[in-house]
Structures are given as structure tokens and as C-alpha cells.
Amino acid sequence: MPWHLYGMSTNRRVAIRKDGIYTMKNTKKLAMSAMLIALSAVLALISMAVPLQLPFGGSVTLASMLPIVLVGYMFGIKWGLGSAIVFAFIQMFLGWGTVSAFFLPGDSQMMWWKAVIVVLIDYILAYTVLGFSGIFTKKIKKPALALCVGSIFALTLRYICHIISGAIFFGTWAEWFFTDVMPGLGEWALSSFSGGGLALIYSVVYNGLYMIPEIILTAVLALIVPNLMGKYVKRYE
């Protein structure tokens, strides 16, 4: 027994030991979360070198959200949300060209309060919801399946955030999009919808161009990763 524990009651010694173990576990979680956030940032940076950017923002990445999804899966929703909001601010920094365009004079400039709301929805909220990836960890016993379903759920929440933002603030581009970019689908959309309905369809289609491939890619990798790295990719209590 360490010398500093002599003279203490058994309950007190147990409490100190538990506190020490709890602190060590949190330190480990913090270190692993930081590494996974860094990995997500690196994957996002590498993805920016690939010319898959859409004109109004959004791109298919090298599964850059999977490491954040892993945090929520391994450490729970609390740690997942904390890591996800850090990643949200990193994404804001990486996408500063798009973000700043909302506030500066030019074709993309908005009223300042609209620009703030767009940033809150498309960056802060859209990336923070990735932390909910751990919601199925205890409900689904198979690790690979739990991670896969969690990733689909979390990325779908992000997709919904972009749909809401796009329909409200970028819906005015719907007619141009369906006329010049996707005329085949546009003929049906323009004849079937108008106003808010057309804006919603536009947002679902536009954001789906990058989010649906991203969801599929992340879900497939989520099925593979636990089998390759089962020693590390596991639920930590």
C-alpha cells in the first residue's frame, strides 16, 4: 500500500483509488479523442485537394467524419458531442473562404443575421450532431453493425441540417439549378413544385449529391474498421 494511504479508513482508500482510476480513464479518452479529431482534420484537408467541391459548398470527403463517429461510438454521446463541436469549428476554419463570402460584398453576401444562422446550421449544428453516433452502441450487440447504424444515423442528421439550411436560405437558386445543372430531373421538379416545395426538393437533391455518397462510404468503412482494429475500436465504459 502506498505510504500516503496509511491511516485512512478503508472507504476513504477505496474512494481515492476509484477517483484515480476515473481520472486515468478520462485522460485516456481525452487523448484518443484528440487524436481522432486530428485524424478527421487531416482527412478533410486531404479531401480539399480533390476537385469534388460543389458550387455552393459541400463535397465528398475521404470519410473525414468517421473518426468523429468513432468517438461517439467508443466513449458515448457526451464525448461524441464534445469532439464533434470541436471538429465543427475546425470545419469552419477550413471552409473560411465559403463562410467569409456570406459576410463580404459579392454574389454570396447575405444580411448579417442570415449569414450567422447559416453558419450555425451548416457548420456548428451539422457537425455537432455527429456526436450522436453512439446512440446504438448498447442497443446493438455486434460492434460493426452498431458503428455502421450509428454512422448512418449521425450523418443523416447532418444531411437534414443542410437540407433545412438550403431550403430556407438558398432556395432561390432552385430554378437555375434544375434548368442549367440538372435539366432532366428539373423538368419534373419545375412542373410539379413551386415556391417552398421547389426549394425543399432543390435542397434535398443538391445536398444529396455529396451527402449520400458520404453516408454510404462512411457506413461501409464502419463495417470494416471494427473487424480490422477490434482491439482499439470498442466501447469504453
# chains A, B, ... in the order shown; residues from 1 in each chain; ligands from 1
$ residues_around --residues "region 65-67 of chain A" --least-positions-apart "6" --cutoff "9 Å" --atoms "only C-alpha atoms" --output "list in words"
Ser33, Met35, Leu36, Ile37, Ala38, Leu39, Ser40, Ala41, Leu43, Ala44, Tyr127, Leu130, Ser151, Leu155, Glu214, Thr218, Ala219, Leu221 and Ala222 of chain A
$ write_last_selection --atoms "N, CA and C atoms" --output "compact mmCIF listing (two decimals), in the first residue's frame"
# COMPACT_ATOMS: atom_id res chain seq x y z
N SER A 33 -9.58 10.95 -28.11
CA SER A 33 -10.50 11.87 -28.82
C SER A 33 -9.72 12.91 -29.59
N MET A 35 -6.72 12.65 -30.80
CA MET A 35 -6.09 12.02 -31.97
C MET A 35 -7.10 11.79 -33.09
N LEU A 36 -8.31 11.40 -32.74
CA LEU A 36 -9.33 11.14 -33.74
C LEU A 36 -9.82 12.45 -34.38
N ILE A 37 -9.91 13.51 -33.59
CA ILE A 37 -10.26 14.83 -34.14
C ILE A 37 -9.19 15.27 -35.13
N ALA A 38 -7.93 15.08 -34.75
CA ALA A 38 -6.81 15.44 -35.63
C ALA A 38 -6.86 14.63 -36.92
N LEU A 39 -7.18 13.34 -36.81
CA LEU A 39 -7.28 12.49 -38.00
C LEU A 39 -8.39 12.97 -38.92
N SER A 40 -9.52 13.36 -38.35
CA SER A 40 -10.62 13.90 -39.15
C SER A 40 -10.20 15.17 -39.88
N ALA A 41 -9.46 16.02 -39.19
CA ALA A 41 -8.99 17.26 -39.80
C ALA A 41 -8.04 16.98 -40.95
N LEU A 43 -7.89 14.21 -42.80
CA LEU A 43 -8.67 13.64 -43.91
C LEU A 43 -9.44 14.73 -44.65
N ALA A 44 -9.97 15.70 -43.89
CA ALA A 44 -10.70 16.81 -44.52
C ALA A 44 -9.76 17.66 -45.37
N TYR A 127 -22.27 19.59 -37.84
CA TYR A 127 -21.15 18.72 -37.45
C TYR A 127 -21.26 18.24 -36.01
N LEU A 130 -22.93 14.84 -35.25
CA LEU A 130 -22.17 13.60 -35.48
C LEU A 130 -21.89 12.87 -34.17
N SER A 151 -23.29 5.48 -37.59
CA SER A 151 -22.73 6.41 -38.59
C SER A 151 -23.81 6.88 -39.55
N LEU A 155 -24.77 10.84 -39.70
CA LEU A 155 -24.57 11.57 -40.96
C LEU A 155 -25.90 11.98 -41.59
N GLU A 214 -21.28 10.25 -49.20
CA GLU A 214 -20.52 10.31 -47.94
C GLU A 214 -21.08 9.34 -46.91
N THR A 218 -18.92 6.13 -45.53
CA THR A 218 -18.66 6.04 -44.09
C THR A 218 -19.28 4.78 -43.49
N ALA A 219 -20.49 4.44 -43.93
CA ALA A 219 -21.16 3.24 -43.41
C ALA A 219 -20.40 1.97 -43.78
N LEU A 221 -17.16 1.69 -44.46
CA LEU A 221 -15.92 1.65 -43.67
C LEU A 221 -16.21 1.33 -42.21
N ALA A 222 -17.36 1.79 -41.72
CA ALA A 222 -17.74 1.50 -40.33
C ALA A 222 -17.95 0.00 -40.11
$ residues_around --residues "Ile160 (chain A)" --least-positions-apart "4" --cutoff "9 Å" --atoms "only C-alpha atoms" --output "PDB file with N, CA, C and O atoms, in the first residue's frame"
ATOM      1  N   ALA A 126     -24.619  21.126 -37.840  1.00  0.00           N
ATOM      2  CA  ALA A 126     -24.477  20.000 -38.773  1.00  0.00           C
ATOM      3  C   ALA A 126     -23.350  19.054 -38.381  1.00  0.00           C
ATOM      4  O   ALA A 126     -23.472  17.831 -38.569  1.00  0.00           O
ATOM      5  N   LEU A 155     -24.771  10.841 -39.704  1.00  0.00           N
ATOM      6  CA  LEU A 155     -24.570  11.565 -40.960  1.00  0.00           C
ATOM      7  C   LEU A 155     -25.900  11.980 -41.594  1.00  0.00           C
ATOM      8  O   LEU A 155     -25.976  12.999 -42.277  1.00  0.00           O
ATOM      9  N   THR A 156     -26.945  11.192 -41.354  1.00  0.00           N
ATOM     10  CA  THR A 156     -28.275  11.582 -41.840  1.00  0.00           C
ATOM     11  C   THR A 156     -28.760  12.832 -41.113  1.00  0.00           C
ATOM     12  O   THR A 156     -29.395  13.709 -41.717  1.00  0.00           O
ATOM     13  N   ILE A 164     -32.364  21.699 -44.371  1.00  0.00           N
ATOM     14  CA  ILE A 164     -33.108  22.811 -43.766  1.00  0.00           C
ATOM     15  C   ILE A 164     -32.492  24.145 -44.162  1.00  0.00           C
ATOM     16  O   ILE A 164     -33.187  25.070 -44.601  1.00  0.00           O
ATOM     17  N   SER A 165     -31.184  24.257 -44.016  1.00  0.00           N
ATOM     18  CA  SER A 165     -30.485  25.490 -44.363  1.00  0.00           C
ATOM     19  C   SER A 165     -30.641  25.812 -45.845  1.00  0.00           C
ATOM     20  O   SER A 165     -30.936  26.956 -46.220  1.00  0.00           O
ATOM     21  N   VAL A 204     -32.829  18.998 -51.044  1.00  0.00           N
ATOM     22  CA  VAL A 204     -32.664  17.546 -50.878  1.00  0.00           C
ATOM     23  C   VAL A 204     -31.738  16.995 -51.954  1.00  0.00           C
ATOM     24  O   VAL A 204     -30.822  16.210 -51.671  1.00  0.00           O
TER      25      VAL A 204
END
$ residues_around --residues "Tyr206 (chain A)" --least-positions-apart "5" --cutoff "9 Å" --atoms "only C-alpha atoms" --output "mmCIF file with N, CA, C and O atoms, in the first residue's frame"
data_model
loop_
_atom_site.group_PDB
_atom_site.id
_atom_site.type_symbol
_atom_site.label_atom_id
_atom_site.label_comp_id
_atom_site.auth_asym_id
_atom_site.auth_seq_id
_atom_site.Cartn_x
_atom_site.Cartn_y
_atom_site.Cartn_z
ATOM 1 N N LEU A 54 -18.750 21.268 -54.601
ATOM 2 C CA LEU A 54 -19.937 21.769 -55.289
ATOM 3 C C LEU A 54 -19.935 23.296 -55.249
ATOM 4 O O LEU A 54 -19.336 23.902 -54.351
ATOM 5 N N ILE A 163 -30.220 20.256 -45.459
ATOM 6 C CA ILE A 163 -31.481 20.382 -46.200
ATOM 7 C C ILE A 163 -32.276 21.574 -45.688
ATOM 8 O O ILE A 163 -32.794 22.385 -46.471
ATOM 9 N N GLY A 166 -30.464 24.810 -46.697
ATOM 10 C CA GLY A 166 -30.559 25.032 -48.132
ATOM 11 C C GLY A 166 -31.945 25.456 -48.571
ATOM 12 O O GLY A 166 -32.094 26.349 -49.420
ATOM 13 N N PHE A 177 -30.772 25.839 -60.851
ATOM 14 C CA PHE A 177 -30.189 24.510 -60.672
ATOM 15 C C PHE A 177 -30.898 23.479 -61.542
ATOM 16 O O PHE A 177 -30.259 22.686 -62.245
ATOM 17 N N ILE A 201 -37.146 20.509 -52.503
ATOM 18 C CA ILE A 201 -36.667 19.478 -53.421
ATOM 19 C C ILE A 201 -35.251 19.795 -53.887
ATOM 20 O O ILE A 201 -34.380 18.919 -53.960
#
$ residues_around --residues "region 68-70 of chain A" --least-positions-apart "6" --cutoff "8 Å" --atoms "only C-alpha atoms" --output "tab-separated table (two decimals) with N, CA and C atoms, in the first residue's frame"
chain	number	residue	atom	x	y	z
A	36	LEU	N	-8.31	11.40	-32.74
A	36	LEU	CA	-9.33	11.14	-33.74
A	36	LEU	C	-9.82	12.45	-34.38
A	37	ILE	N	-9.91	13.51	-33.59
A	37	ILE	CA	-10.26	14.83	-34.14
A	37	ILE	C	-9.19	15.27	-35.13
A	40	SER	N	-9.52	13.36	-38.35
A	40	SER	CA	-10.62	13.90	-39.15
A	40	SER	C	-10.20	15.17	-39.88
A	80	GLY	N	-18.81	12.21	-27.64
A	80	GLY	CA	-19.01	12.38	-29.07
A	80	GLY	C	-19.41	13.80	-29.42
A	83	SER	N	-16.40	16.24	-28.92
A	83	SER	CA	-15.42	16.14	-30.00
A	83	SER	C	-16.00	16.70	-31.30
A	84	ALA	N	-17.28	16.46	-31.53
A	84	ALA	CA	-17.91	16.91	-32.77
A	84	ALA	C	-17.97	18.43	-32.85
A	87	PHE	N	-14.66	19.68	-33.85
A	87	PHE	CA	-14.48	19.45	-35.28
A	87	PHE	C	-15.30	20.44	-36.10
A	130	LEU	N	-22.93	14.84	-35.25
A	130	LEU	CA	-22.17	13.60	-35.48
A	130	LEU	C	-21.89	12.87	-34.17
A	131	GLY	N	-21.93	13.62	-33.07
A	131	GLY	CA	-21.68	13.02	-31.76
A	131	GLY	C	-22.74	12.03	-31.33
A	132	PHE	N	-23.89	12.04	-32.01
A	132	PHE	CA	-24.95	11.09	-31.66
A	132	PHE	C	-24.72	9.70	-32.25
A	133	SER	N	-23.54	9.49	-32.82
A	133	SER	CA	-23.22	8.19	-33.43
A	133	SER	C	-23.22	7.05	-32.43
A	134	GLY	N	-23.06	7.36	-31.15
A	134	GLY	CA	-23.01	6.31	-30.14
A	134	GLY	C	-24.35	5.91	-29.58
A	147	LEU	N	-21.71	0.37	-35.06
A	147	LEU	CA	-20.98	1.51	-35.59
A	147	LEU	C	-21.55	1.93	-36.94
A	150	GLY	N	-24.93	3.59	-36.35
A	150	GLY	CA	-24.68	4.87	-35.71
A	150	GLY	C	-24.16	5.90	-36.69
A	151	SER	N	-23.29	5.48	-37.59
A	151	SER	CA	-22.73	6.41	-38.59
A	151	SER	C	-23.81	6.88	-39.55
A	154	ALA	N	-26.03	9.39	-37.61
A	154	ALA	CA	-25.37	10.67	-37.35
A	154	ALA	C	-25.20	11.49	-38.63
A	233	VAL	N	-11.02	-0.36	-31.39
A	233	VAL	CA	-12.37	0.14	-31.66
A	233	VAL	C	-13.37	-0.68	-30.85
$ select_by_dssp --residues "region 64-227 of chain A" --states "alpha helix (DSSP H)" --output "ChimeraX atom specification"
/A:66-75,77-94,96-101,112-119,126-128,143-169,174-176,183-192,195-227
$ write_last_selection --atoms "C-alpha atoms" --output "compact mmCIF listing (two decimals), in the first residue's frame"
# COMPACT_ATOMS: atom_id res chain seq x y z
CA LEU A 66 -15.64 8.54 -39.46
CA PRO A 67 -13.09 9.34 -36.71
CA ILE A 68 -15.65 11.64 -35.04
CA VAL A 69 -18.26 8.92 -35.36
CA LEU A 70 -15.81 6.58 -33.64
CA VAL A 71 -15.52 8.89 -30.63
CA GLY A 72 -19.27 8.78 -30.06
CA TYR A 73 -19.31 5.02 -30.55
CA MET A 74 -16.41 4.26 -28.19
CA PHE A 75 -16.92 6.85 -25.44
CA ILE A 77 -22.75 10.61 -26.72
CA LYS A 78 -21.28 13.12 -24.23
CA TRP A 79 -17.73 12.66 -25.51
CA GLY A 80 -19.01 12.38 -29.07
CA LEU A 81 -20.79 15.73 -28.92
CA GLY A 82 -17.78 17.41 -27.30
CA SER A 83 -15.42 16.14 -30.00
CA ALA A 84 -17.91 16.91 -32.77
CA ILE A 85 -18.31 20.55 -31.79
CA VAL A 86 -14.51 20.96 -31.80
CA PHE A 87 -14.48 19.45 -35.28
CA ALA A 88 -17.28 21.85 -36.27
CA PHE A 89 -15.06 24.84 -35.53
CA ILE A 90 -12.19 23.19 -37.42
CA GLN A 91 -14.52 22.81 -40.40
CA MET A 92 -15.44 26.49 -40.15
CA PHE A 93 -11.76 27.37 -40.30
CA LEU A 94 -11.09 25.03 -43.23
CA TRP A 96 -13.34 30.01 -44.23
CA GLY A 97 -13.50 31.03 -47.90
CA THR A 98 -17.14 29.96 -48.08
CA VAL A 99 -18.01 31.28 -44.62
CA SER A 100 -16.47 34.72 -45.18
CA ALA A 101 -18.26 35.06 -48.54
CA TRP A 112 -25.57 39.50 -41.39
CA TRP A 113 -28.20 37.73 -39.32
CA LYS A 114 -28.98 35.29 -42.13
CA ALA A 115 -25.27 34.60 -42.55
CA VAL A 116 -24.94 33.88 -38.82
CA ILE A 117 -27.88 31.44 -38.91
CA VAL A 118 -26.47 29.67 -41.98
CA VAL A 119 -23.11 29.23 -40.23
CA ALA A 126 -24.48 20.00 -38.77
CA TYR A 127 -21.15 18.72 -37.45
CA THR A 128 -22.05 18.62 -33.76
CA PRO A 143 -19.81 -3.82 -32.81
CA ALA A 144 -19.52 -3.43 -36.59
CA LEU A 145 -23.29 -3.20 -37.04
CA ALA A 146 -23.66 -0.76 -34.13
CA LEU A 147 -20.98 1.51 -35.59
CA CYS A 148 -22.47 1.26 -39.09
CA VAL A 149 -26.01 2.10 -37.96
CA GLY A 150 -24.68 4.87 -35.71
CA SER A 151 -22.73 6.41 -38.59
CA ILE A 152 -25.77 6.34 -40.88
CA PHE A 153 -27.91 7.95 -38.17
CA ALA A 154 -25.37 10.67 -37.35
CA LEU A 155 -24.57 11.57 -40.96
CA THR A 156 -28.27 11.58 -41.84
CA LEU A 157 -28.79 14.15 -39.07
CA ARG A 158 -26.08 16.25 -40.70
CA TYR A 159 -27.80 15.82 -44.08
CA ILE A 160 -31.08 17.05 -42.58
CA CYS A 161 -29.35 20.16 -41.20
CA HIS A 162 -28.05 21.02 -44.67
CA ILE A 163 -31.48 20.38 -46.20
CA ILE A 164 -33.11 22.81 -43.77
CA SER A 165 -30.48 25.49 -44.36
CA GLY A 166 -30.56 25.03 -48.13
CA ALA A 167 -34.35 25.15 -48.39
CA ILE A 168 -34.64 28.31 -46.30
CA PHE A 169 -31.64 30.35 -47.41
CA ALA A 174 -33.66 26.16 -57.35
CA GLU A 175 -34.89 27.24 -60.81
CA TRP A 176 -31.36 27.85 -62.06
CA PRO A 183 -32.41 19.66 -66.73
CA GLY A 184 -33.64 16.04 -66.86
CA LEU A 185 -34.78 15.98 -63.24
CA GLY A 186 -35.50 19.70 -63.44
CA GLU A 187 -38.33 19.29 -65.93
CA TRP A 188 -40.21 17.11 -63.46
CA ALA A 189 -39.33 19.27 -60.44
CA LEU A 190 -40.30 22.57 -62.10
CA SER A 191 -43.61 21.19 -63.35
CA SER A 192 -44.50 19.53 -60.04
CA GLY A 195 -42.18 28.12 -54.02
CA GLY A 196 -41.21 26.40 -50.79
CA GLY A 197 -41.78 22.92 -52.20
CA LEU A 198 -39.36 23.53 -55.06
CA ALA A 199 -36.80 24.98 -52.65
CA LEU A 200 -37.08 21.87 -50.48
CA ILE A 201 -36.67 19.48 -53.42
CA TYR A 202 -33.69 21.50 -54.61
CA SER A 203 -32.04 21.30 -51.19
CA VAL A 204 -32.66 17.55 -50.88
CA VAL A 205 -31.16 16.91 -54.33
CA TYR A 206 -28.26 19.36 -54.11
CA ASN A 207 -27.10 18.30 -50.65
CA GLY A 208 -27.73 14.67 -51.52
CA LEU A 209 -25.14 14.90 -54.30
CA TYR A 210 -22.38 14.84 -51.69
CA MET A 211 -24.07 13.63 -48.50
CA ILE A 212 -25.50 10.37 -49.86
CA PRO A 213 -22.10 9.16 -51.22
CA GLU A 214 -20.52 10.31 -47.94
CA ILE A 215 -23.04 8.35 -45.88
CA ILE A 216 -22.52 5.21 -47.98
CA LEU A 217 -18.72 5.44 -47.86
CA THR A 218 -18.66 6.04 -44.09
CA ALA A 219 -21.16 3.24 -43.41
CA VAL A 220 -19.15 0.73 -45.45
CA LEU A 221 -15.92 1.65 -43.67
CA ALA A 222 -17.74 1.50 -40.33
CA LEU A 223 -18.50 -2.16 -41.05
CA ILE A 224 -14.85 -2.87 -41.85
CA VAL A 225 -12.93 -0.90 -39.20
CA PRO A 226 -14.08 -2.86 -36.10
CA ASN A 227 -13.01 -6.12 -37.75
$ atom_distance --atom1 "CA of Asp122 (chain A)" --atom2 "CA of Leu45 (chain A)"
18.2 Å
$ closest_residue --among "A:Phe103, A:Tyr236, A:Ile121, A:Ser47" --to "Lys28 (chain A)" --atoms "only C-alpha atoms"
A:Tyr236
$ atom_distance --atom1 "CA of Lys25 (chain A)" --atom2 "CA of Lys139 (chain A)"
23.0 Å
$ residues_around --residues "Gly95 (chain A)" --least-positions-apart "6" --cutoff "10 Å" --atoms "only C-alpha atoms" --output "ChimeraX atom specification"
/A:48,57-58,89,123
$ atom_distance --atom1 "CA of Gly106 (chain A)" --atom2 "CA of Val60 (chain A)"
26.0 Å
$ decode --residues "region 135-148 of chain A" --atoms "all heavy atoms" --output "PDB file, in the first residue's frame"
ATOM      1  N   ILE A 135     -25.422   6.383 -30.189  1.00  0.00           N
ATOM      2  CA  ILE A 135     -26.755   6.152 -29.630  1.00  0.00           C
ATOM      3  C   ILE A 135     -27.171   4.677 -29.694  1.00  0.00           C
ATOM      4  O   ILE A 135     -28.001   4.215 -28.911  1.00  0.00           O
ATOM      5  CB  ILE A 135     -27.795   7.043 -30.359  1.00  0.00           C
ATOM      6  CG1 ILE A 135     -29.092   7.102 -29.575  1.00  0.00           C
ATOM      7  CG2 ILE A 135     -28.033   6.557 -31.777  1.00  0.00           C
ATOM      8  CD1 ILE A 135     -30.066   8.151 -30.080  1.00  0.00           C
ATOM      9  N   PHE A 136     -26.584   3.908 -30.619  1.00  0.00           N
ATOM     10  CA  PHE A 136     -26.964   2.499 -30.760  1.00  0.00           C
ATOM     11  C   PHE A 136     -25.930   1.529 -30.187  1.00  0.00           C
ATOM     12  O   PHE A 136     -26.088   0.315 -30.313  1.00  0.00           O
ATOM     13  CB  PHE A 136     -27.183   2.169 -32.248  1.00  0.00           C
ATOM     14  CG  PHE A 136     -28.288   2.955 -32.884  1.00  0.00           C
ATOM     15  CD1 PHE A 136     -27.990   4.015 -33.737  1.00  0.00           C
ATOM     16  CD2 PHE A 136     -29.616   2.657 -32.637  1.00  0.00           C
ATOM     17  CE1 PHE A 136     -29.005   4.753 -34.330  1.00  0.00           C
ATOM     18  CE2 PHE A 136     -30.637   3.387 -33.223  1.00  0.00           C
ATOM     19  CZ  PHE A 136     -30.327   4.444 -34.072  1.00  0.00           C
ATOM     20  N   THR A 137     -24.896   2.060 -29.572  1.00  0.00           N
ATOM     21  CA  THR A 137     -23.794   1.207 -29.102  1.00  0.00           C
ATOM     22  C   THR A 137     -24.261   0.129 -28.136  1.00  0.00           C
ATOM     23  O   THR A 137     -23.853  -1.033 -28.235  1.00  0.00           O
ATOM     24  CB  THR A 137     -22.715   2.066 -28.426  1.00  0.00           C
ATOM     25  OG1 THR A 137     -22.254   3.046 -29.351  1.00  0.00           O
ATOM     26  CG2 THR A 137     -21.538   1.205 -27.990  1.00  0.00           C
ATOM     27  N   LYS A 138     -25.108   0.462 -27.196  1.00  0.00           N
ATOM     28  CA  LYS A 138     -25.579  -0.504 -26.212  1.00  0.00           C
ATOM     29  C   LYS A 138     -26.820  -1.256 -26.675  1.00  0.00           C
ATOM     30  O   LYS A 138     -27.193  -2.263 -26.073  1.00  0.00           O
ATOM     31  CB  LYS A 138     -25.867   0.211 -24.884  1.00  0.00           C
ATOM     32  CG  LYS A 138     -24.625   0.772 -24.213  1.00  0.00           C
ATOM     33  CD  LYS A 138     -24.960   1.397 -22.871  1.00  0.00           C
ATOM     34  CE  LYS A 138     -23.709   1.906 -22.170  1.00  0.00           C
ATOM     35  NZ  LYS A 138     -24.016   2.515 -20.850  1.00  0.00           N
ATOM     36  N   LYS A 139     -27.458  -0.766 -27.734  1.00  0.00           N
ATOM     37  CA  LYS A 139     -28.684  -1.402 -28.205  1.00  0.00           C
ATOM     38  C   LYS A 139     -28.408  -2.487 -29.236  1.00  0.00           C
ATOM     39  O   LYS A 139     -29.209  -3.408 -29.403  1.00  0.00           O
ATOM     40  CB  LYS A 139     -29.611  -0.339 -28.806  1.00  0.00           C
ATOM     41  CG  LYS A 139     -30.064   0.710 -27.793  1.00  0.00           C
ATOM     42  CD  LYS A 139     -30.936   1.769 -28.444  1.00  0.00           C
ATOM     43  CE  LYS A 139     -31.357   2.825 -27.422  1.00  0.00           C
ATOM     44  NZ  LYS A 139     -32.183   3.891 -28.028  1.00  0.00           N
ATOM     45  N   ILE A 140     -27.287  -2.360 -29.957  1.00  0.00           N
ATOM     46  CA  ILE A 140     -26.913  -3.357 -30.954  1.00  0.00           C
ATOM     47  C   ILE A 140     -25.642  -4.052 -30.481  1.00  0.00           C
ATOM     48  O   ILE A 140     -24.610  -3.416 -30.281  1.00  0.00           O
ATOM     49  CB  ILE A 140     -26.688  -2.697 -32.331  1.00  0.00           C
ATOM     50  CG1 ILE A 140     -27.969  -1.988 -32.789  1.00  0.00           C
ATOM     51  CG2 ILE A 140     -26.252  -3.732 -33.356  1.00  0.00           C
ATOM     52  CD1 ILE A 140     -27.832  -1.236 -34.094  1.00  0.00           C
ATOM     53  N   LYS A 141     -25.703  -5.363 -30.308  1.00  0.00           N
ATOM     54  CA  LYS A 141     -24.594  -6.102 -29.702  1.00  0.00           C
ATOM     55  C   LYS A 141     -23.388  -6.246 -30.624  1.00  0.00           C
ATOM     56  O   LYS A 141     -22.243  -6.251 -30.165  1.00  0.00           O
ATOM     57  CB  LYS A 141     -25.078  -7.479 -29.247  1.00  0.00           C
ATOM     58  CG  LYS A 141     -26.098  -7.416 -28.101  1.00  0.00           C
ATOM     59  CD  LYS A 141     -26.501  -8.804 -27.645  1.00  0.00           C
ATOM     60  CE  LYS A 141     -27.492  -8.717 -26.489  1.00  0.00           C
ATOM     61  NZ  LYS A 141     -27.908 -10.060 -26.018  1.00  0.00           N
ATOM     62  N   LYS A 142     -23.608  -6.404 -31.923  1.00  0.00           N
ATOM     63  CA  LYS A 142     -22.494  -6.567 -32.855  1.00  0.00           C
ATOM     64  C   LYS A 142     -21.811  -5.226 -33.088  1.00  0.00           C
ATOM     65  O   LYS A 142     -22.432  -4.291 -33.589  1.00  0.00           O
ATOM     66  CB  LYS A 142     -22.995  -7.148 -34.169  1.00  0.00           C
ATOM     67  CG  LYS A 142     -23.530  -8.572 -34.049  1.00  0.00           C
ATOM     68  CD  LYS A 142     -23.940  -9.126 -35.408  1.00  0.00           C
ATOM     69  CE  LYS A 142     -24.425 -10.562 -35.288  1.00  0.00           C
ATOM     70  NZ  LYS A 142     -24.847 -11.116 -36.612  1.00  0.00           N
ATOM     71  N   PRO A 143     -20.520  -5.099 -32.719  1.00  0.00           N
ATOM     72  CA  PRO A 143     -19.814  -3.820 -32.815  1.00  0.00           C
ATOM     73  C   PRO A 143     -19.849  -3.189 -34.203  1.00  0.00           C
ATOM     74  O   PRO A 143     -20.135  -1.992 -34.342  1.00  0.00           O
ATOM     75  CB  PRO A 143     -18.375  -4.181 -32.410  1.00  0.00           C
ATOM     76  CG  PRO A 143     -18.525  -5.400 -31.567  1.00  0.00           C
ATOM     77  CD  PRO A 143     -19.660  -6.154 -32.155  1.00  0.00           C
ATOM     78  N   ALA A 144     -19.560  -3.974 -35.231  1.00  0.00           N
ATOM     79  CA  ALA A 144     -19.524  -3.429 -36.588  1.00  0.00           C
ATOM     80  C   ALA A 144     -20.885  -2.896 -37.007  1.00  0.00           C
ATOM     81  O   ALA A 144     -20.992  -1.812 -37.600  1.00  0.00           O
ATOM     82  CB  ALA A 144     -19.042  -4.491 -37.574  1.00  0.00           C
ATOM     83  N   LEU A 145     -21.933  -3.622 -36.675  1.00  0.00           N
ATOM     84  CA  LEU A 145     -23.287  -3.200 -37.037  1.00  0.00           C
ATOM     85  C   LEU A 145     -23.696  -1.961 -36.250  1.00  0.00           C
ATOM     86  O   LEU A 145     -24.313  -1.040 -36.799  1.00  0.00           O
ATOM     87  CB  LEU A 145     -24.276  -4.338 -36.779  1.00  0.00           C
ATOM     88  CG  LEU A 145     -25.732  -4.060 -37.199  1.00  0.00           C
ATOM     89  CD1 LEU A 145     -25.806  -3.747 -38.689  1.00  0.00           C
ATOM     90  CD2 LEU A 145     -26.616  -5.262 -36.847  1.00  0.00           C
ATOM     91  N   ALA A 146     -23.340  -1.920 -34.966  1.00  0.00           N
ATOM     92  CA  ALA A 146     -23.660  -0.763 -34.131  1.00  0.00           C
ATOM     93  C   ALA A 146     -22.979   0.495 -34.660  1.00  0.00           C
ATOM     94  O   ALA A 146     -23.585   1.569 -34.722  1.00  0.00           O
ATOM     95  CB  ALA A 146     -23.232  -1.020 -32.690  1.00  0.00           C
ATOM     96  N   LEU A 147     -21.708   0.366 -35.056  1.00  0.00           N
ATOM     97  CA  LEU A 147     -20.978   1.507 -35.594  1.00  0.00           C
ATOM     98  C   LEU A 147     -21.549   1.929 -36.944  1.00  0.00           C
ATOM     99  O   LEU A 147     -21.678   3.127 -37.219  1.00  0.00           O
ATOM    100  CB  LEU A 147     -19.494   1.157 -35.738  1.00  0.00           C
ATOM    101  CG  LEU A 147     -18.587   2.265 -36.282  1.00  0.00           C
ATOM    102  CD1 LEU A 147     -18.625   3.496 -35.384  1.00  0.00           C
ATOM    103  CD2 LEU A 147     -17.148   1.761 -36.408  1.00  0.00           C
ATOM    104  N   CYS A 148     -21.906   0.970 -37.769  1.00  0.00           N
ATOM    105  CA  CYS A 148     -22.468   1.265 -39.088  1.00  0.00           C
ATOM    106  C   CYS A 148     -23.800   2.008 -38.963  1.00  0.00           C
ATOM    107  O   CYS A 148     -24.006   3.045 -39.590  1.00  0.00           O
ATOM    108  CB  CYS A 148     -22.659  -0.034 -39.875  1.00  0.00           C
ATOM    109  SG  CYS A 148     -23.405   0.197 -41.496  1.00  0.00           S
TER     110      CYS A 148
END
